[in-house]
Every structure is written in C-alpha cells, then in structure tokens.
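Note: the block below is start-v5.txt and it holds compact mmCIF, C-alpha atoms and all ligand atoms.
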# COMPACT_ATOMS: atom_id res chain seq x y z
CA VAL A 14 -23.96 0.33 -36.40
CA GLN A 15 -27.07 2.30 -37.22
CA ILE A 16 -29.03 4.26 -34.67
CA GLU A 17 -32.70 5.06 -35.13
CA GLU A 18 -35.21 6.92 -33.03
CA VAL A 19 -37.83 4.89 -31.24
CA GLY A 20 -41.25 6.50 -30.92
CA ARG A 21 -42.93 7.40 -27.64
CA GLN A 22 -45.13 4.31 -27.60
CA ALA A 23 -42.21 1.89 -28.10
CA SER A 24 -40.14 3.81 -25.54
CA ILE A 25 -42.95 3.51 -22.98
CA GLU A 26 -43.26 -0.17 -23.85
CA LEU A 27 -39.57 -0.70 -22.99
CA LEU A 28 -39.96 1.35 -19.83
CA SER A 29 -42.90 -0.88 -18.82
CA ARG A 30 -41.03 -4.09 -19.52
CA LEU A 31 -37.84 -3.21 -17.61
CA ARG A 32 -37.45 -2.73 -13.88
CA LEU A 33 -33.96 -1.41 -13.27
CA GLY A 34 -33.13 2.16 -14.21
CA ARG A 35 -30.70 4.95 -13.42
CA LEU A 36 -32.15 7.99 -11.71
CA ALA A 37 -30.34 11.31 -12.08
CA CYS A 38 -31.01 14.37 -9.99
CA ALA A 39 -29.02 17.56 -9.51
CA ARG A 40 -28.37 20.17 -6.88
CA ASP A 41 -26.21 23.29 -7.15
CA ASN A 42 -25.08 22.21 -10.63
CA GLN A 43 -23.89 18.83 -9.34
CA PRO A 44 -25.52 15.77 -10.98
CA TYR A 45 -26.06 12.59 -8.93
CA VAL A 46 -27.00 9.21 -10.48
CA THR A 47 -28.13 6.08 -8.64
CA PRO A 48 -29.52 2.73 -9.77
CA PHE A 49 -33.12 2.11 -8.72
CA TYR A 50 -36.01 -0.30 -9.26
CA TYR A 51 -39.26 1.11 -10.57
CA CYS A 52 -42.61 0.28 -12.16
CA TYR A 53 -44.26 2.18 -14.99
CA ASN A 54 -47.92 3.13 -14.70
CA ASP A 55 -50.02 5.53 -16.74
CA GLY A 56 -47.44 8.23 -17.49
CA TYR A 57 -45.54 7.85 -14.21
CA ILE A 58 -42.46 6.01 -13.00
CA LEU A 59 -43.16 4.68 -9.50
CA SER A 60 -40.60 3.77 -6.89
CA PHE A 61 -39.70 3.39 -3.24
CA SER A 62 -36.75 4.62 -1.22
CA THR A 63 -35.67 5.93 2.16
CA VAL A 64 -34.65 9.49 2.95
CA GLY A 65 -31.05 10.07 1.91
CA GLN A 66 -29.11 12.19 -0.52
CA LYS A 67 -31.20 11.53 -3.63
CA ILE A 68 -34.54 12.14 -1.89
CA GLU A 69 -33.21 15.35 -0.31
CA TRP A 70 -31.86 16.52 -3.65
CA MET A 71 -35.10 15.70 -5.50
CA ARG A 72 -37.09 17.51 -2.82
CA SER A 73 -34.99 20.62 -3.40
CA ASN A 74 -34.95 20.25 -7.20
CA PRO A 75 -37.71 18.02 -8.65
CA ARG A 76 -36.31 18.05 -12.20
CA VAL A 77 -34.95 14.55 -12.81
CA CYS A 78 -33.82 12.27 -15.58
CA VAL A 79 -34.21 8.49 -15.81
CA GLN A 80 -32.34 6.18 -18.15
CA VAL A 81 -33.09 2.53 -18.91
CA ASP A 82 -31.60 0.22 -21.47
CA GLU A 83 -31.63 -3.23 -22.97
CA ILE A 84 -28.14 -4.05 -24.24
CA LYS A 85 -27.41 -7.14 -26.33
CA GLY A 86 -24.06 -5.79 -27.57
CA PRO A 87 -22.37 -2.59 -28.79
CA GLN A 88 -24.33 -2.81 -32.07
CA GLN A 89 -27.63 -3.98 -30.65
CA TRP A 90 -29.29 -2.02 -27.93
CA THR A 91 -32.31 0.07 -27.08
CA CYS A 92 -32.09 2.95 -24.68
CA VAL A 93 -34.76 5.24 -23.28
CA ILE A 94 -34.27 8.59 -21.55
CA VAL A 95 -37.03 10.29 -19.59
CA PHE A 96 -37.11 13.89 -18.47
CA GLY A 97 -39.50 14.21 -15.59
CA ARG A 98 -40.61 15.72 -12.34
CA TYR A 99 -40.24 14.16 -8.90
CA GLU A 100 -43.41 13.94 -6.82
CA GLU A 101 -43.45 12.50 -3.32
CA LEU A 102 -46.44 10.46 -2.12
CA PRO A 103 -46.73 11.67 1.48
CA HIS A 104 -47.95 9.68 4.48
CA SER A 105 -51.25 11.51 4.59
CA PRO A 106 -54.86 10.27 4.19
CA GLU A 107 -55.38 11.94 0.80
CA TRP A 108 -52.39 10.06 -0.65
CA HIS A 109 -53.25 6.75 0.99
CA GLN A 110 -54.94 5.22 -2.05
CA MET A 111 -52.13 6.25 -4.39
CA ARG A 112 -49.50 4.85 -2.03
CA GLU A 113 -51.44 1.56 -1.81
CA MET A 114 -51.55 1.41 -5.60
CA VAL A 115 -47.80 2.00 -5.91
CA HIS A 116 -47.20 -0.56 -3.18
CA SER A 117 -49.31 -3.18 -4.95
CA LEU A 118 -47.54 -2.59 -8.28
CA LEU A 119 -44.07 -2.80 -6.72
CA GLU A 120 -45.13 -5.83 -4.71
CA GLN A 121 -45.41 -7.90 -7.88
CA TYR A 122 -41.64 -8.20 -7.64
CA GLY A 123 -40.05 -10.12 -4.80
CA ASN A 124 -38.13 -8.08 -2.22
CA TRP A 125 -39.24 -4.82 -3.89
CA TRP A 126 -38.48 -2.88 -0.72
CA GLU A 127 -35.05 -4.36 0.01
CA PRO A 128 -32.69 -2.15 -2.08
CA GLY A 129 -34.43 1.01 -0.90
CA PHE A 130 -34.76 -0.06 2.72
CA ALA A 131 -31.30 -1.55 3.25
CA GLN A 132 -29.44 -0.56 6.39
CA THR A 133 -26.65 1.76 5.22
CA ILE A 134 -23.57 2.53 7.26
CA ILE A 135 -21.91 5.74 6.17
CA GLY A 136 -18.91 7.12 8.03
CA GLY A 137 -19.38 4.37 10.65
CA ALA A 138 -22.97 5.39 11.49
CA ALA A 139 -26.23 3.76 10.36
CA ARG A 140 -28.49 6.26 8.66
CA PRO A 141 -32.14 6.30 9.77
CA LEU A 142 -34.62 4.39 7.58
CA VAL A 143 -37.47 6.76 6.73
CA PRO A 144 -39.57 5.19 3.94
CA VAL A 145 -40.57 7.30 0.93
CA PHE A 146 -42.87 6.36 -1.95
CA PHE A 147 -42.42 8.59 -4.94
CA ARG A 148 -43.36 8.93 -8.58
CA ILE A 149 -41.85 10.68 -11.56
CA PHE A 150 -44.21 12.41 -13.94
CA ILE A 151 -42.92 11.79 -17.47
CA GLU A 152 -42.65 15.13 -19.27
CA GLN A 153 -40.59 13.96 -22.22
CA VAL A 154 -39.32 10.60 -23.38
CA THR A 155 -36.86 9.73 -26.12
CA GLY A 156 -35.74 6.33 -27.35
CA HIS A 157 -32.85 5.22 -29.51
CA LYS A 158 -32.27 1.79 -30.97
CA ALA A 159 -29.00 0.51 -32.44
CA SER A 160 -28.75 -2.28 -34.98
CA PRO A 161 -25.82 -3.63 -37.03
CA GLY A 162 -27.07 -1.68 -40.11
CA ASN A 163 -25.41 -1.48 -43.52
CA ASP A 164 -21.97 -3.16 -43.25
CA ALA A 165 -20.26 -1.33 -46.15
CA ALA A 166 -21.30 2.12 -44.95
CA ALA A 167 -20.45 1.24 -41.36
CA ALA A 168 -16.96 -0.02 -42.28
CA LYS A 169 -16.12 3.33 -43.90
CA ILE A 170 -16.69 5.35 -40.77
CA SER A 171 -16.19 2.90 -37.94
CA ALA A 172 -12.62 1.61 -38.44
CA PRO A 173 -10.14 4.16 -37.04
CA LYS A 174 -7.35 4.00 -39.70
CA SER A 175 -4.26 6.19 -40.04
CA GLY A 176 -5.20 9.48 -41.68
CA GLY A 177 -8.83 8.89 -40.72
CA TRP A 178 -11.05 10.82 -38.30
CA TRP A 179 -9.51 9.17 -35.26
CA GLN A 180 -5.97 10.29 -36.16
CA ARG A 181 -7.16 13.83 -36.88
CA LEU A 182 -8.96 13.89 -33.55
CA ARG A 183 -5.85 12.63 -31.72
CA LYS A 184 -3.71 15.32 -33.30
CA GLY A 185 -6.33 17.96 -32.57
CA SER A 186 -6.49 19.11 -36.20
C1 LIG B 1 -29.70 -2.94 -8.59
C2 LIG B 1 -29.99 -1.87 -7.57
C3 LIG B 1 -31.30 -1.50 -7.32
C4 LIG B 1 -31.58 -0.51 -6.38
N1 LIG B 1 -32.88 -0.15 -6.17
C5 LIG B 1 -33.15 0.84 -5.30
C6 LIG B 1 -34.49 1.28 -5.11
O1 LIG B 1 -35.43 0.79 -5.73
N2 LIG B 1 -34.70 2.28 -4.22
C7 LIG B 1 -33.66 2.85 -3.54
O2 LIG B 1 -33.90 3.76 -2.74
N3 LIG B 1 -32.41 2.44 -3.68
C8 LIG B 1 -32.13 1.47 -4.55
N4 LIG B 1 -30.83 1.05 -4.72
C9 LIG B 1 -29.78 1.70 -3.93
C10 LIG B 1 -29.50 3.10 -4.48
O3 LIG B 1 -28.82 3.00 -5.69
C11 LIG B 1 -28.72 3.96 -3.50
O4 LIG B 1 -27.49 3.37 -3.22
C12 LIG B 1 -29.50 4.14 -2.22
O5 LIG B 1 -30.84 4.44 -2.48
C13 LIG B 1 -28.89 5.24 -1.37
O6 LIG B 1 -28.99 6.44 -2.07
P1 LIG B 1 -28.98 7.83 -1.28
O7 LIG B 1 -28.93 8.92 -2.27
O8 LIG B 1 -30.09 7.85 -0.28
O9 LIG B 1 -27.58 7.75 -0.61
P2 LIG B 1 -27.13 8.03 0.89
O10 LIG B 1 -27.42 6.84 1.73
O11 LIG B 1 -27.64 9.35 1.33
O12 LIG B 1 -25.58 8.02 0.61
C14 LIG B 1 -24.77 9.12 0.62
C15 LIG B 1 -23.52 8.90 -0.21
O13 LIG B 1 -23.23 7.53 -0.51
C16 LIG B 1 -22.88 7.38 -1.88
N5 LIG B 1 -23.73 6.35 -2.50
C17 LIG B 1 -25.08 6.18 -2.35
N6 LIG B 1 -25.50 5.13 -3.07
C18 LIG B 1 -24.41 4.63 -3.69
C19 LIG B 1 -24.22 3.55 -4.57
N7 LIG B 1 -25.26 2.75 -4.99
N8 LIG B 1 -22.97 3.32 -5.02
C20 LIG B 1 -21.92 4.10 -4.64
N9 LIG B 1 -22.06 5.14 -3.80
C21 LIG B 1 -23.29 5.40 -3.32
C22 LIG B 1 -23.14 8.68 -2.58
O14 LIG B 1 -21.95 9.21 -3.09
C23 LIG B 1 -23.71 9.59 -1.55
O15 LIG B 1 -23.07 10.81 -1.50
C24 LIG B 1 -30.52 0.10 -5.67
C25 LIG B 1 -29.21 -0.26 -5.95
C26 LIG B 1 -28.94 -1.23 -6.88
C27 LIG B 1 -27.50 -1.60 -7.16

Here is a file; write its structure as structure tokens.
Ligand SMILES: Cc1cc2nc3c(=O)[nH]c(=O)nc-3n(C[C@H](O)[C@H](O)[C@H](O)COP(=O)(O)OP(=O)(O)OC[C@H]3O[C@@H](n4cnc5c(N)ncnc54)[C@H](O)[C@@H]3O)c2cc1C
Amino acid sequence: VQIEEVGRQASIELLSRLRLGRLACARDNQPYVTPFYYCYNDGYILSFSTVGQKIEWMRSNPRVCVQVDEIKGPQQWTCVIVFGRYEELPHSPEWHQMREMVHSLLEQYGNWWEPGFAQTIIGGAARPLVPVFFRIFIEQVTGHKASPGNDAAAAKISAPKSGGWWQRLRKGS
C-alpha cells in the first residue's frame, strides 16, 4: 500500500461529499469521540445536537478535531482530519440568519435532526432535549489517500516474516 498526501482542495471536496464524521473534543486531558452528521459550507463544518457531554466539553474547550473517511478496503481509502474551533450559534436575533442557513443546509438530508434530538435514557433518566446548532471553523485540514501502489516494494515491507521487522518488534529488540 502507498499513502500520499491529498491537498487542501481535495480534502475539502471529500468533506463536502460526505456526511458522517467523528467529532473529537477533550476536557481535562480526556479525549471524547462521537459520530455525528454534518454539512460543509465555506470553511465551516455545520451540525446540530442537543446539550450533553460533547456540547458541554466543547463549550469549555473549543479546540476540536473531526475525522471523515471513505474506505474501499485496507489498501484503498481516503481520510481527512480537520483541526478546528467549536462555535455555537445561539438562539439570539443576531444569529437567526446563520441558524436558518445551517438549518436549510442540514434539511437537505432526511431526518437531519433525529440523531441529535433522540430521547436518551442514561442511568434510568431521560436527559432534557435542548437543541444546539453549532459550527466548526476549519483551522487546518490534512488528507491522506491510500492506493495499492508498487507491488514489489510493498511485498518487501508488508509481509511479517521470521527475522523481519515484526519479529524484532515482538522481541522488543
Ligand atoms: C450515525 C450516527 C450519527 C449521529 N449524528 C449525530 C448528530 O448529527 N448530532 C448529534 O448530536 N448526535 C449524533 N449522533 C449521536 C452522537 O454520537 C451521541 O451519541 C449523542 O450526540 C450524545 O452525545 P453526548 O455527548 O451529548 O452524550 P450524553 O447524552 O451526554 O451521554 C453521556 C455518556 O453516554 C456515552 N455515549 C454518548 N454517546 C454515545 C454513543 N454514540 N455510543 C456509546 N456511548 C455514548 C458517553 O460515554 C457519555 O459519557 C449520531 C450517532 C450516530 C451513530
């Protein structure tokens, strides 16, 4: 397998084409990753949720990371990682237009609100459903693309044989 970098434009193109990502946030040195649906628009990742752990964590630490991928197999995939900043779109008149825009973009997909607005029972109690529209400002984006590559070169390094790198790694030498 051969892995190449994908430029910003192609990374953004993948981000625009996909809908399901993984959103990572962190608090007190503890990372937290959840699947989420999003839309890409003009340098931002847009999404909808309800107040819960991830929203509370992103409010306290807006530095987030988003990962998306298109996987055809272990030798054929494209993956994009975004480093960004969480921004909430509050229920206030000055944000009304932006919220409407996010709503209309998300609305292109059926049941856009359902995963974020689902009734969740935790520890036997339903948690309150407080809707939150948010966006992630993309500060940095990287993309990697894997393809089968040069077979002869790949065979040399990929097959873990006795005496090879895998054995040395197992023995810790
Ligand atoms: C395909 C898919 C798409 C989704 N799209 C969205 C979306 O667009 N917007 C959205 O808000 N949510 C979406 N969800 C649900 C999301 O992944 C979270 O489960 C949900 O938002 C609750 O997160 P929370 O941090 O508010 O958790 P809370 O309700 O505060 O939960 C607290 C605890 O529950 C555990 N927990 C939370 N979620 C999960 C989980 N998915 N799996 C295992 N344990 C969990 C965590 O350990 C956490 O400590 C989607 C899920 C899937 C599978």

Query - Pick from A:Val64, A:Ala37, A:Ile151, A:Met71 nearest to Arg21 of chain A, counting all atoms listed in the file - result: A:Ile151

Query raised in the report: Could you name the residues that touch segment 45-54 of chain A at 7 Å or less, counting all atoms listed in the file, but leaving out those on the same chain fewer than 6 positions away, as number ranges by chain?
Result: A: 28-29, 32-39, 60, 118-119

Query raised in the report: Looking at only C-alpha atoms, which of A:Lys67, A:Arg181, A:Arg30, A:His157 is the one that sits closest to Gln43 of chain A?
Result: A:Lys67

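Closest to ligand LIG 1 (chain B) among A:Pro141, A:Gly86, A:Pro106, A:Gly97 is A:Pro141, based on all atoms listed in the file.
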
**Report entry** Best match for closeness to ligand LIG 1 (chain B) among A:Ala23, A:Ile68, A:Val93, A:Leu31, counting only C-alpha atoms and all ligand atoms
**Finding:** A:Ile68

For Glu18 of chain A, find every residue with an atom within 10 Å (counting only C-alpha atoms), except residues of its own chain fewer than 5 positions away, and show them as a short mmCIF file (atom, residue, chain, number, x, y, z; two decimals) with C-alpha atoms, in the coordinates of the input.
data_model
loop_
_atom_site.label_atom_id
_atom_site.label_comp_id
_atom_site.auth_asym_id
_atom_site.auth_seq_id
_atom_site.Cartn_x
_atom_site.Cartn_y
_atom_site.Cartn_z
CA ALA A 23 -42.21 1.89 -28.10
CA SER A 24 -40.14 3.81 -25.54
CA THR A 91 -32.31 0.07 -27.08
CA CYS A 92 -32.09 2.95 -24.68
CA VAL A 93 -34.76 5.24 -23.28
CA THR A 155 -36.86 9.73 -26.12
CA GLY A 156 -35.74 6.33 -27.35
CA HIS A 157 -32.85 5.22 -29.51
CA LYS A 158 -32.27 1.79 -30.97
CA ALA A 159 -29.00 0.51 -32.44
#

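The two atoms in question, atom C16 of ligand LIG 1 (chain B) and atom CA of Trp90 of chain A, are spaced 28.4 Å apart.
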
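Between ligand LIG 1 (chain B) and the residues A:Arg112, A:Lys184, A:Lys85, A:Arg72, the shortest atom-to-atom distance, using all atoms listed in the file, involves A:Arg72.
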
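When only C-alpha atoms and all ligand atoms are used to compute distances to ligand LIG 1 (chain B), the closest of the residues A:Ile134, A:Cys78, A:Val19, A:Val115 turns out to be A:Ile134.
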
Report summary line: Separating atom CA of Gln22 of chain A from atom C26 of ligand LIG 1 (chain B), to the nearest tenth of an Å, is a gap of 26.9 Å

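Taking atom CA of Gly162 of chain A as the reference point, atom CA of Glu17 of chain A is found at 10.1 Å.
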